[in-house]
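Peer 1: Hey, dropping input_27.cif in here, mmCIF, C-alpha atoms and all ligand atoms:
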data_coords
#
loop_
_atom_site.label_atom_id
_atom_site.label_comp_id
_atom_site.auth_asym_id
_atom_site.auth_seq_id
_atom_site.Cartn_x
_atom_site.Cartn_y
_atom_site.Cartn_z
CA MET A 277 0.00 0.00 0.00
CA LYS A 278 1.30 3.47 -0.75
CA ASN A 279 2.60 5.78 1.94
CA VAL A 280 0.94 9.06 2.74
CA GLU A 281 3.47 11.85 2.49
CA LYS A 282 3.40 15.06 4.49
CA LYS A 283 4.85 18.47 3.57
CA GLU A 284 4.91 21.83 5.27
CA VAL A 285 2.52 24.22 3.52
CA ILE A 286 4.70 26.76 1.71
CA GLY A 287 4.51 30.16 3.39
CA SER A 288 2.83 28.91 6.56
CA ASN A 289 5.98 28.94 8.72
CA GLY A 290 5.42 25.38 9.86
CA LYS A 291 1.85 26.06 11.06
CA TYR A 292 0.15 23.90 8.44
CA TRP A 293 1.02 20.62 6.77
CA ILE A 294 -0.50 19.09 3.66
CA PHE A 295 -0.77 15.32 3.22
CA SER A 296 -0.62 13.59 -0.14
CA ASN A 297 -4.10 12.15 0.54
CA GLY A 298 -5.63 15.64 0.87
CA ASP A 299 -5.72 15.94 4.67
CA VAL A 300 -4.51 19.23 6.12
CA LEU A 301 -2.89 19.36 9.54
CA GLY A 302 -3.21 22.64 11.42
CA PRO A 303 -1.84 24.22 14.61
CA ARG A 304 -2.01 22.09 17.78
CA GLY A 305 -1.74 18.97 15.65
CA LYS A 306 -5.38 18.89 14.60
CA LEU A 307 -6.61 17.84 11.19
CA LEU A 308 -8.50 20.78 9.69
CA LYS A 309 -12.19 20.54 9.13
CA LEU A 310 -12.43 21.33 5.44
CA THR A 311 -15.26 23.31 3.94
CA LEU A 312 -17.08 21.85 1.00
CA MET A 313 -17.76 24.66 -1.46
CA GLN A 314 -20.86 24.99 -3.62
CA ILE A 315 -18.82 24.14 -6.69
CA GLY A 316 -17.91 20.81 -5.10
CA TYR A 317 -14.29 21.45 -4.09
CA LYS A 318 -12.88 21.22 -0.59
CA MET A 319 -11.42 24.41 0.87
CA ALA A 320 -8.92 24.85 3.70
CA THR A 321 -8.89 28.07 5.72
CA LEU A 322 -5.36 28.89 6.89
CA SER A 323 -4.71 31.49 9.61
CA LEU A 324 -1.19 32.65 8.95
CA GLY A 325 -0.84 35.07 11.88
CA ASN A 326 -1.10 38.88 12.04
CA GLY A 327 -4.72 38.54 11.00
CA ILE A 328 -3.84 37.06 7.62
CA VAL A 329 -6.33 34.38 6.62
CA LYS A 330 -5.96 32.56 3.33
CA LYS A 331 -8.47 30.25 1.74
CA ARG A 332 -6.92 27.57 -0.44
CA TYR A 333 -8.47 24.75 -2.44
CA VAL A 334 -7.20 21.42 -1.12
CA HIS A 335 -6.59 19.97 -4.59
CA GLU A 336 -4.43 23.02 -5.37
CA LEU A 337 -2.41 22.52 -2.18
CA VAL A 338 -1.89 18.81 -2.90
CA ALA A 339 -0.92 19.46 -6.53
CA LEU A 340 1.43 22.34 -5.65
CA HIS A 341 3.27 20.39 -2.95
CA PHE A 342 3.32 16.90 -4.46
CA ILE A 343 3.27 17.51 -8.23
CA GLY A 344 4.73 21.01 -8.65
CA PRO A 345 3.76 24.57 -9.60
CA ILE A 346 0.85 24.72 -12.04
CA PRO A 347 1.65 26.63 -15.29
CA SER A 348 -0.90 29.38 -15.97
CA ASP A 349 -2.25 27.66 -19.08
CA LYS A 350 -2.86 24.42 -17.16
CA VAL A 351 -5.42 23.31 -14.59
CA ILE A 352 -5.82 20.47 -12.11
CA ASN A 353 -8.20 17.65 -13.01
CA HIS A 354 -9.70 15.01 -10.72
CA ILE A 355 -9.08 11.83 -12.69
CA ASP A 356 -12.04 9.84 -11.29
CA GLY A 357 -14.38 12.85 -11.55
CA ASN A 358 -14.83 12.93 -7.77
CA LYS A 359 -13.84 16.44 -6.67
CA ILE A 360 -13.47 15.49 -3.01
CA ASN A 361 -10.95 12.75 -3.71
CA ASN A 362 -7.84 14.92 -3.42
CA ASP A 363 -5.31 12.10 -3.16
CA VAL A 364 -2.32 13.03 -5.30
CA SER A 365 -2.89 9.83 -7.31
CA ASN A 366 -6.27 11.24 -8.39
CA LEU A 367 -4.89 14.58 -9.61
CA GLU A 368 -3.41 15.42 -12.99
CA ILE A 369 -2.33 18.64 -14.66
CA ILE A 370 -4.09 19.15 -17.99
CA SER A 371 -4.70 21.99 -20.42
CA ARG A 372 -7.59 24.38 -19.74
CA GLU A 373 -9.32 23.32 -22.90
CA ASN A 374 -9.42 19.66 -21.91
CA ASN A 375 -10.65 20.55 -18.46
CA GLY A 376 -13.57 22.48 -19.93
CA LYS A 377 -14.72 19.33 -21.67
CA GLU A 378 -14.14 17.30 -18.54
CA TRP A 379 -16.15 19.77 -16.47
CA ALA A 380 -19.03 19.78 -18.93
CA ARG A 381 -19.09 16.00 -18.90
CA THR A 382 -19.27 15.63 -15.11
CA ASN A 383 -21.40 18.65 -14.24
CA ARG A 384 -24.07 18.78 -16.89
CA ARG A 385 -25.90 15.88 -15.33
CA ASN A 386 -25.44 16.92 -11.74
CA PRO A 387 -25.40 20.67 -11.13
CA ASN A 388 -24.71 21.26 -7.47
CA LYS A 389 -27.01 23.99 -6.20
CA GLY A 390 -26.77 23.17 -2.49
CA ASN A 391 -25.76 25.51 0.26
CA MET A 392 -22.39 24.29 1.52
CA LYS A 393 -23.65 23.73 5.04
CA LEU A 394 -26.40 21.55 3.64
CA LEU A 395 -24.12 19.01 2.01
CA CYS A 396 -23.25 15.57 3.37
CA ASP A 397 -19.67 14.26 3.55
CA PHE A 398 -19.97 13.06 -0.02
CA GLY A 399 -21.20 16.41 -1.33
CA HIS A 400 -24.90 15.57 -1.70
CA GLU A 401 -27.67 17.90 -0.65
CA TYR A 402 -29.28 17.02 2.66
CA THR A 403 -33.05 16.94 3.06
CA ILE A 404 -34.10 18.82 6.19
CA LEU A 405 -36.58 16.91 8.36
CA SER A 406 -39.14 18.55 10.65
CA LYS A 407 -37.14 18.44 13.88
CA GLY A 408 -34.17 20.10 12.23
CA ASN A 409 -32.58 16.72 11.59
CA LYS A 410 -31.14 16.25 8.16
CA ILE A 411 -30.87 13.20 6.03
CA CYS A 412 -29.06 12.45 2.79
CA TYR A 413 -31.40 10.44 0.59
CA GLN A 414 -28.73 10.11 -2.09
CA CYS A 415 -26.40 8.40 0.39
CA ARG A 416 -29.25 6.12 1.42
CA LYS A 417 -29.55 5.00 -2.17
CA LEU A 418 -25.82 4.28 -2.46
CA THR A 419 -24.67 0.73 -1.87
CA LYS A 420 -21.77 0.07 0.47
CA GLU A 421 -19.61 -0.67 -2.54
CA GLN A 422 -20.45 2.69 -4.12
CA LYS A 423 -19.57 4.49 -0.89
CA TYR A 424 -16.23 2.69 -0.71
CA LYS A 425 -15.52 3.66 -4.30
CA ILE A 426 -16.27 7.34 -3.64
CA GLN A 427 -13.81 7.24 -0.73
CA ASN A 428 -11.21 5.51 -2.85
CA ILE A 429 -10.94 2.48 -0.56
CA ASN A 430 -10.75 -1.22 -1.24
CA ILE A 431 -12.64 -3.21 1.38
CA LYS A 432 -10.20 -6.09 0.91
CA ASP A 433 -7.51 -3.94 2.58
CA PHE A 434 -9.49 -3.93 5.84
CA VAL A 435 -9.84 -6.42 8.70
CA PRO A 436 -12.39 -6.36 11.56
CA ILE A 437 -11.18 -4.72 14.76
CA LYS A 438 -11.00 -7.18 17.65
CA ASN A 439 -13.62 -6.47 20.31
CA ALA A 440 -15.07 -3.64 18.20
CA GLY A 441 -16.59 -5.61 15.34
CA GLN A 442 -18.53 -2.75 13.78
CA TYR A 443 -15.24 -1.19 12.64
CA LEU A 444 -12.48 -2.28 10.28
CA VAL A 445 -8.87 -1.17 10.11
CA ALA A 446 -6.43 -1.14 7.16
CA SER A 447 -2.66 -1.49 7.31
CA ASN A 448 -2.30 2.22 6.43
CA GLY A 449 -4.27 3.17 9.57
CA LYS A 450 -7.62 4.03 8.00
CA VAL A 451 -10.57 3.01 10.19
CA LEU A 452 -13.91 2.30 8.57
CA SER A 453 -17.33 2.15 10.24
CA LEU A 454 -19.53 -0.63 8.92
CA ASN A 455 -22.62 1.24 10.13
CA THR A 456 -22.02 4.29 7.97
CA SER A 457 -19.58 2.77 5.43
CA LYS A 458 -17.43 5.83 6.03
CA VAL A 459 -13.76 6.21 6.89
CA LEU A 460 -13.60 7.87 10.31
CA ARG A 461 -11.78 11.12 10.94
CA PRO A 462 -9.18 10.58 13.67
CA GLY A 463 -8.51 12.91 16.57
CA ILE A 464 -4.92 13.72 17.51
CA ASN A 465 -4.08 13.56 21.20
CA LYS A 466 -1.64 15.69 23.13
CA PRO A 467 1.39 13.43 22.65
CA GLY A 468 0.67 13.56 18.90
CA TYR A 469 -0.96 10.21 18.17
CA LYS A 470 -4.10 9.67 16.09
CA TYR A 471 -6.96 8.08 17.98
CA TYR A 472 -10.58 7.02 17.59
CA PHE A 473 -13.41 6.75 20.07
CA LEU A 474 -14.76 3.31 19.13
CA LYS A 475 -17.75 1.45 20.52
CA ASN A 476 -16.61 -1.99 21.67
CA ASP A 477 -18.71 -5.12 21.35
CA ASN A 478 -20.31 -4.40 24.74
CA GLY A 479 -21.50 -1.02 23.50
CA LYS A 480 -18.99 0.98 25.54
CA ARG A 481 -16.91 3.65 23.81
CA GLU A 482 -13.15 3.35 24.20
CA VAL A 483 -10.19 5.38 23.03
CA ARG A 484 -8.13 3.35 20.55
CA ALA A 485 -4.81 4.65 19.25
CA GLU A 486 -4.39 4.21 15.49
CA HIS A 487 -0.79 2.95 15.64
CA ARG A 488 -1.72 0.26 18.15
CA LEU A 489 -4.70 -0.84 16.05
CA VAL A 490 -2.42 -1.25 13.02
CA TYR A 491 0.25 -3.00 15.05
CA GLU A 492 -2.13 -5.45 16.72
CA HIS A 493 -4.04 -6.33 13.55
CA PHE A 494 -1.24 -6.41 10.97
CA ILE A 495 1.97 -7.22 12.84
CA GLY A 496 1.23 -9.06 16.08
CA GLU A 497 0.88 -8.95 19.83
CA LEU A 498 2.77 -6.33 21.76
CA LYS A 499 5.15 -7.94 24.26
CA ASP A 500 5.03 -6.83 27.88
CA GLY A 501 7.54 -4.03 28.42
CA TYR A 502 7.49 -3.09 24.76
CA SER A 503 5.76 -0.27 22.97
CA VAL A 504 5.11 0.70 19.37
CA ASP A 505 7.76 2.90 17.78
CA HIS A 506 7.46 4.91 14.56
CA ILE A 507 10.54 4.04 12.52
CA ASP A 508 10.68 7.36 10.63
CA GLY A 509 9.87 9.37 13.79
CA ASP A 510 6.58 10.59 12.30
CA LYS A 511 3.77 9.65 14.68
CA LEU A 512 1.14 10.37 12.05
CA ASN A 513 2.55 7.78 9.67
CA ASN A 514 0.86 4.64 10.96
CA ASN A 515 1.48 2.50 7.93
CA SER A 516 2.37 -0.98 9.18
CA SER A 517 5.73 -0.70 7.40
CA ASN A 518 6.58 2.26 9.67
CA LEU A 519 5.85 0.46 12.96
CA ARG A 520 7.96 -1.83 15.11
CA GLN A 521 7.92 -2.83 18.74
CA ILE A 522 10.88 -1.90 20.85
CA SER A 523 11.63 -2.13 24.55
CA PHE A 524 10.75 0.89 26.60
CA GLY A 525 14.39 1.88 27.07
CA LYS A 526 14.90 2.00 23.34
CA ASN A 527 11.74 4.01 23.01
CA ILE A 528 13.20 6.56 25.40
CA ALA A 529 16.28 6.75 23.18
CA SER A 530 14.02 7.22 20.19
CA PHE A 531 12.08 9.96 21.98
CA GLN A 532 15.37 11.66 22.86
CA GLU A 533 16.40 11.55 19.26
CA ASN A 534 13.09 13.02 18.14
CA LYS A 535 13.38 15.65 20.82
CA ARG A 536 16.72 16.66 19.34
CA LYS A 537 14.92 16.98 16.03
CA GLY A 538 12.52 19.39 17.72
CA ASP A 539 9.68 17.04 18.59
CA ASN A 540 8.64 17.37 22.22
CA TYR A 541 5.79 14.91 22.13
CA GLY A 542 5.78 12.38 24.93
CA PHE A 543 8.70 13.97 26.67
CA LYS A 544 7.14 14.67 30.04
CA TYR A 545 6.23 11.03 30.50
CA ASP A 546 9.82 9.96 29.86
CA LYS A 547 11.06 12.51 32.35
CA ASP A 548 8.95 10.86 35.04
CA TYR A 549 10.34 7.48 34.19
CA ILE A 550 13.93 8.76 34.07
CA ALA A 551 13.57 10.38 37.50
CA ILE A 552 12.39 7.10 39.01
CA ALA A 553 14.91 4.98 37.10
CA LYS A 554 17.67 7.25 38.37
CA TRP A 555 16.54 6.83 41.96
CA LEU A 556 16.32 3.03 41.68
CA ILE A 557 19.75 2.72 40.05
CA LYS A 558 21.40 4.97 42.61
CA GLN A 559 20.07 2.80 45.46
CA LYS A 560 22.35 0.03 44.13
CA PHE A 561 19.88 -2.71 44.99
CA PHE A 562 21.54 -4.53 42.09
CA SER A 563 24.49 -4.03 39.77
CA CYS A 564 24.04 -1.20 37.31
CA MET A 565 23.64 -3.68 34.45
CA ASN A 566 21.05 -5.72 36.32
CA SER A 567 19.10 -2.58 37.31
CA ALA A 568 19.09 -1.36 33.71
CA ALA A 569 17.63 -4.67 32.54
CA ARG A 570 14.92 -4.49 35.23
CA LEU A 571 14.09 -0.96 34.04
CA SER A 572 14.01 -2.04 30.38
CA ILE A 573 16.63 0.57 29.53
CA SER A 574 19.99 0.14 27.83
CA ARG A 575 23.14 -0.56 29.87
CA SER A 576 24.68 2.67 28.69
CA LEU A 577 21.64 4.70 29.77
CA GLY A 578 21.79 2.90 33.14
CA ARG A 579 25.40 3.92 33.56
CA ASP A 580 24.68 7.48 32.42
CA LEU A 581 21.95 7.77 35.04
CA LEU A 582 24.08 6.26 37.83
CA TYR A 583 26.96 8.68 37.22
CA ASP A 584 24.83 11.65 36.12
CA LEU A 585 26.45 11.66 32.71
CA LYS A 586 23.14 12.35 30.97
CA TRP A 587 19.75 13.72 32.09
CA LYS A 588 21.70 15.77 34.65
CA HIS A 589 18.84 18.23 34.99
CA ILE A 590 16.47 15.55 36.26
CA ASP A 591 16.54 14.82 39.98
CA PRO A 592 16.12 11.24 41.18
CA GLU A 593 12.63 10.61 42.49
CA LYS A 594 11.61 7.93 44.96
CA PRO A 595 8.73 5.88 43.54
CA SER A 596 5.92 4.20 45.49
CA ASP A 597 6.80 1.23 47.72
CA GLU A 598 4.75 -0.97 45.42
CA LEU A 599 6.88 0.01 42.46
CA ILE A 600 10.10 -0.57 44.42
CA GLU A 601 8.88 -4.07 45.36
CA LYS A 602 7.99 -4.80 41.76
CA PHE A 603 11.45 -3.61 40.68
CA LYS A 604 13.12 -5.90 43.24
CA LYS A 605 11.06 -8.90 42.09
CA ASP A 606 11.33 -8.61 38.32
CA SER A 607 11.38 -6.09 35.51
CA LEU A 608 9.23 -3.00 35.27
CA SER A 609 7.19 -2.70 32.13
CA GLN A 610 5.94 0.48 30.60
CA GLU A 611 2.37 -0.66 31.20
CA PHE A 612 3.04 -1.29 34.88
CA PHE A 613 4.64 2.12 35.20
CA LYS A 614 1.66 3.80 33.54
CA GLU A 615 -0.81 1.99 35.82
CA ASN A 616 1.25 3.00 38.81
CA LYS A 617 1.29 6.64 37.73
CA ARG A 618 -2.44 6.58 37.24
CA ALA A 619 -3.02 5.09 40.69
CA GLU A 620 -0.83 7.78 42.20
CA ALA A 621 -2.77 10.54 40.50
CA LYS A 622 -6.05 9.42 42.09
ZN ZN B 701 -24.79 11.89 0.84
#
If you took the structure in this file and wrote it as structure tokens, what would it be?
Ligand SMILES: [Zn+2]
Peer 2:
Amino acid sequence: MKNVEKKEVIGSNGKYWIFSNGDVLGPRGKLLKLTLMQIGYKMATLSLGNGIVKKRYVHELVALHFIGPIPSDKVINHIDGNKINNDVSNLEIISRENNGKEWARTNRRNPNKGNMKLLCDFGHEYTILSKGNKICYQCRKLTKEQKYKIQNINIKDFVPIKNAGQYLVASNGKVLSLNTSKVLRPGINKPGYKYYFLKNDNGKREVRAEHRLVYEHFIGELKDGYSVDHIDGDKLNNNSSNLRQISFGKNIASFQENKRKGDNYGFKYDKDYIAIAKWLIKQKFFSCMNSAARLSISRSLGRDLLYDLKWKHIDPEKPSDELIEKFKKDSLSQEFFKENKRAEAK
């Protein structure tokens, strides 16, 4: 399956990012809610600071960043005729003349007169019901297969999500609802991971991280003490080829590396762990090497913590008695540490 690429929107000073599938990432790591215009194109509203607001068509952003500048005598065409499918693979640069013919062919039958707030996700006009509810009768007429086609997805790429059978997940991270036949829009949490609020088979909604869904359904079980790492450092790239499981210590190293690259996500949590690891190592309950293994960190990090060679600015912190006992008995896993932190917070 192809990778989704991400590029900084030119002139946005790192505030906005455009994806090759047509998603736009805005400040605070949120995917932008795009406006569907009357003429059927999706529009992104970019606030560039100092009161400057620019409206840009999404297909123009994708084409500019992933194909190149558009010569003035050329225009962008949606190959499959679906104007909301802004994946770079669906865009081509053609002459204005050809596009006129193309436009006439796709629009003559289906002039879109709807108000933009009255359009469904697929660009159809809603019918307003008495209570102010709206319904899309055109979507009701569509078969599942037609909806998948509009969204450019192949159902064969998806597998059912364990314990949440009304959803499917693909190895590129897309999550599909079988109820609506629509690909869900993920949220992005504070540490920078995409997540969904999925109803499990008991009808309870649970937060499910996209990278863990992909890992568990396309790679395998996550070992105790291990967590999912993004090989290229990009937490939004949850393609199965970009995921691996590594021990928590290695994950800290990976976080450190990303931090050097200017990514602060997840850092606070590591700091907590480092403070406690430092305290436990300095107690010399065990040899430095043995302690490092029990903490699931590398030997060299263990030594650096013992002699204050790295993480000098973090003071050792005594953990709970329960955690000390656990450390003396066997190894601490990331999960155990998280649970312990949560219990403390209560
Ligand atoms: Zn519809």
Peer 1: Return as a tab-separated table the residues of chain A lying at most 8 Å from ligand ZN 701 (chain B), together with the closest atom-to-atom pair for each and the distance in Å to one decimal, counting all atoms listed in the file, with rows in chain order and ascending residue number.
Peer 2:
residue	atom	partner	partner_atom	distance
A:Leu395	CA	B:ZN701	ZN	7.2
A:Cys396	CA	B:ZN701	ZN	4.7
A:Asp397	CA	B:ZN701	ZN	6.3
A:Phe398	CA	B:ZN701	ZN	5.0
A:Gly399	CA	B:ZN701	ZN	6.2
A:His400	CA	B:ZN701	ZN	4.5
A:Glu401	CA	B:ZN701	ZN	6.8
A:Tyr402	CA	B:ZN701	ZN	7.1
A:Cys412	CA	B:ZN701	ZN	4.7
A:Tyr413	CA	B:ZN701	ZN	6.8
A:Gln414	CA	B:ZN701	ZN	5.2
A:Cys415	CA	B:ZN701	ZN	3.9
A:Arg416	CA	B:ZN701	ZN	7.3
Peer 1: Which distance in Å separates atom CA of Asn518 of chain A and atom CA of Lys547 of chain A, to one decimal?
Peer 2: 25.3 Å
Peer 1: Neighbouring residues of segment 591-598 of chain A were defined as those with any atom within 10 Å, considering only C-alpha atoms; residues of the same chain fewer than 2 positions away were excluded. Please report them as a PyMOL selection string.
Peer 2: chain A and resi 547-559+581-582+584+587-589+600-604+616-617+620
Peer 1: So, with all atoms listed in the file as the atoms that count, which of A:Leu460, A:Ser365, A:Pro467, A:Tyr317 lies closest to Asn279 of chain A?
Peer 2: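 Smallest separation from Asn279 of chain A among the options: A:Ser365.
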Peer 1: Asp299 of chain A: which residues within 10 Å, counting all atoms listed in the file, same-chain residues fewer than 4 positions away excluded, as a PDB file with C-alpha atoms, in the frame of the given file?
Peer 2:
ATOM      1  CA  VAL A 280       0.940   9.060   2.740  1.00  0.00           C
ATOM      2  CA  LYS A 282       3.400  15.060   4.490  1.00  0.00           C
ATOM      3  CA  TRP A 293       1.020  20.620   6.770  1.00  0.00           C
ATOM      4  CA  ILE A 294      -0.500  19.090   3.660  1.00  0.00           C
ATOM      5  CA  PHE A 295      -0.770  15.320   3.220  1.00  0.00           C
ATOM      6  CA  LEU A 307      -6.610  17.840  11.190  1.00  0.00           C
ATOM      7  CA  LEU A 308      -8.500  20.780   9.690  1.00  0.00           C
ATOM      8  CA  LYS A 309     -12.190  20.540   9.130  1.00  0.00           C
ATOM      9  CA  LEU A 310     -12.430  21.330   5.440  1.00  0.00           C
ATOM     10  CA  ALA A 320      -8.920  24.850   3.700  1.00  0.00           C
ATOM     11  CA  VAL A 334      -7.200  21.420  -1.120  1.00  0.00           C
ATOM     12  CA  VAL A 338      -1.890  18.810  -2.900  1.00  0.00           C
ATOM     13  CA  ASN A 362      -7.840  14.920  -3.420  1.00  0.00           C
ATOM     14  CA  ASP A 363      -5.310  12.100  -3.160  1.00  0.00           C
ATOM     15  CA  ARG A 461     -11.780  11.120  10.940  1.00  0.00           C
TER      16      ARG A 461
END
Peer 1: Just checking: using all atoms listed in the file, which residue out of A:Ser348, A:Thr419, A:Asn366, A:Ser447 ends up closest to Asn513 of chain A?
Peer 2: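 For Asn513 of chain A, the nearest of the candidates is A:Ser447.
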Peer 1: From the list A:Glu492, A:Gly479, A:His487, A:Pro462, which residue is nearest Val435 of chain A when using all atoms listed in the file?
Peer 2: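 Checking each of A:Glu492, A:Gly479, A:His487, A:Pro462 against Val435 of chain A, counting all atoms listed in the file, the winner is A:Glu492.
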Peer 1: Return the single residue from A:Leu519, A:Val490, A:Leu474, A:Ala485 that is closest to Phe434 of chain A, with distances computed using all atoms listed in the file.
Peer 2: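 The answer is A:Val490, which sits nearest to Phe434 of chain A.
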Peer 1: Could you tell me how far atom CA of Ile360 of chain A lies from atom CA of His341 of chain A, in Å and to one decimal?
Peer 2: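 Atom-to-atom, atom CA of Ile360 of chain A to atom CA of His341 of chain A, that is 17.4 Å.
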Peer 1: What does the distance between atom CA of Phe342 of chain A and atom CA of Glu281 of chain A come to in Å, to one decimal place?
Peer 2: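 Value for the atom CA of Phe342 of chain A-atom CA of Glu281 of chain A distance: 8.6 Å.
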Peer 1: Within 9 Å of Asn455 of chain A, counting all atoms listed in the file, which residues qualify if same-chain residues fewer than 3 places away don't, as a list in words?
Peer 2: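 Final neighbour list, sorted by chain and number: Gln442, Tyr443, Leu452 and Lys458 of chain A.
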Peer 1: Ranking A:Ser296, A:Asn361, A:Asn353, A:Asn428 by minimum distance to Glu284 of chain A and counting all atoms listed in the file, which one comes first?
Peer 2: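 Of A:Ser296, A:Asn361, A:Asn353, A:Asn428, the one nearest Glu284 of chain A is A:Ser296, counting all atoms listed in the file.
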Peer 1: So that I can check the surroundings of Asn430 of chain A, please list as a PyMOL selection string every protein, DNA and RNA residue that reaches within 10 Å of it, counting all atoms listed in the file and ignoring chain neighbours fewer than 4 positions away.
Peer 2: chain A and resi 421+424-425+434+446
Peer 1: For segment 451-467 of chain A, which lacks atoms in the input, supply N, CA and C atoms and format the output as a PDB file, keeping the file's coordinate frame.
Peer 2:
ATOM      1  N   VAL A 451      -9.560   3.744   9.436  1.00  0.00           N
ATOM      2  CA  VAL A 451     -10.570   3.010  10.190  1.00  0.00           C
ATOM      3  C   VAL A 451     -11.932   3.276   9.562  1.00  0.00           C
ATOM      4  N   LEU A 452     -12.645   2.206   9.294  1.00  0.00           N
ATOM      5  CA  LEU A 452     -13.910   2.300   8.570  1.00  0.00           C
ATOM      6  C   LEU A 452     -15.043   1.836   9.481  1.00  0.00           C
ATOM      7  N   SER A 453     -16.155   2.583   9.488  1.00  0.00           N
ATOM      8  CA  SER A 453     -17.330   2.150  10.240  1.00  0.00           C
ATOM      9  C   SER A 453     -18.245   1.362   9.323  1.00  0.00           C
ATOM     10  N   LEU A 454     -18.621   0.161   9.749  1.00  0.00           N
ATOM     11  CA  LEU A 454     -19.530  -0.630   8.920  1.00  0.00           C
ATOM     12  C   LEU A 454     -20.946  -0.078   8.962  1.00  0.00           C
ATOM     13  N   ASN A 455     -21.280   0.654  10.029  1.00  0.00           N
ATOM     14  CA  ASN A 455     -22.620   1.240  10.130  1.00  0.00           C
ATOM     15  C   ASN A 455     -22.844   2.301   9.064  1.00  0.00           C
ATOM     16  N   THR A 456     -21.846   3.173   8.892  1.00  0.00           N
ATOM     17  CA  THR A 456     -22.020   4.290   7.970  1.00  0.00           C
ATOM     18  C   THR A 456     -21.282   4.071   6.654  1.00  0.00           C
ATOM     19  N   SER A 457     -20.446   3.029   6.589  1.00  0.00           N
ATOM     20  CA  SER A 457     -19.580   2.770   5.430  1.00  0.00           C
ATOM     21  C   SER A 457     -18.659   3.952   5.146  1.00  0.00           C
ATOM     22  N   LYS A 458     -18.310   4.674   6.206  1.00  0.00           N
ATOM     23  CA  LYS A 458     -17.430   5.830   6.030  1.00  0.00           C
ATOM     24  C   LYS A 458     -16.125   5.639   6.780  1.00  0.00           C
ATOM     25  N   VAL A 459     -15.053   6.172   6.200  1.00  0.00           N
ATOM     26  CA  VAL A 459     -13.760   6.210   6.890  1.00  0.00           C
ATOM     27  C   VAL A 459     -13.866   7.274   7.971  1.00  0.00           C
ATOM     28  N   LEU A 460     -13.478   6.927   9.201  1.00  0.00           N
ATOM     29  CA  LEU A 460     -13.600   7.870  10.310  1.00  0.00           C
ATOM     30  C   LEU A 460     -12.477   8.897  10.286  1.00  0.00           C
ATOM     31  N   ARG A 461     -12.792  10.063  10.832  1.00  0.00           N
ATOM     32  CA  ARG A 461     -11.780  11.120  10.940  1.00  0.00           C
ATOM     33  C   ARG A 461     -11.124  10.981  12.318  1.00  0.00           C
ATOM     34  N   PRO A 462      -9.803  10.778  12.363  1.00  0.00           N
ATOM     35  CA  PRO A 462      -9.180  10.580  13.670  1.00  0.00           C
ATOM     36  C   PRO A 462      -9.008  11.889  14.434  1.00  0.00           C
ATOM     37  N   GLY A 463      -8.944  11.783  15.765  1.00  0.00           N
ATOM     38  CA  GLY A 463      -8.510  12.910  16.570  1.00  0.00           C
ATOM     39  C   GLY A 463      -6.997  12.775  16.748  1.00  0.00           C
ATOM     40  N   ILE A 464      -6.351  13.833  17.212  1.00  0.00           N
ATOM     41  CA  ILE A 464      -4.920  13.720  17.510  1.00  0.00           C
ATOM     42  C   ILE A 464      -4.731  14.154  18.957  1.00  0.00           C
ATOM     43  N   ASN A 465      -4.189  13.245  19.777  1.00  0.00           N
ATOM     44  CA  ASN A 465      -4.080  13.560  21.200  1.00  0.00           C
ATOM     45  C   ASN A 465      -2.844  14.389  21.497  1.00  0.00           C
ATOM     46  N   LYS A 466      -2.704  14.763  22.760  1.00  0.00           N
ATOM     47  CA  LYS A 466      -1.640  15.690  23.130  1.00  0.00           C
ATOM     48  C   LYS A 466      -0.245  15.177  22.777  1.00  0.00           C
ATOM     49  N   PRO A 467       0.056  13.894  23.039  1.00  0.00           N
ATOM     50  CA  PRO A 467       1.390  13.430  22.650  1.00  0.00           C
ATOM     51  C   PRO A 467       1.570  13.288  21.130  1.00  0.00           C
TER      52      PRO A 467
END
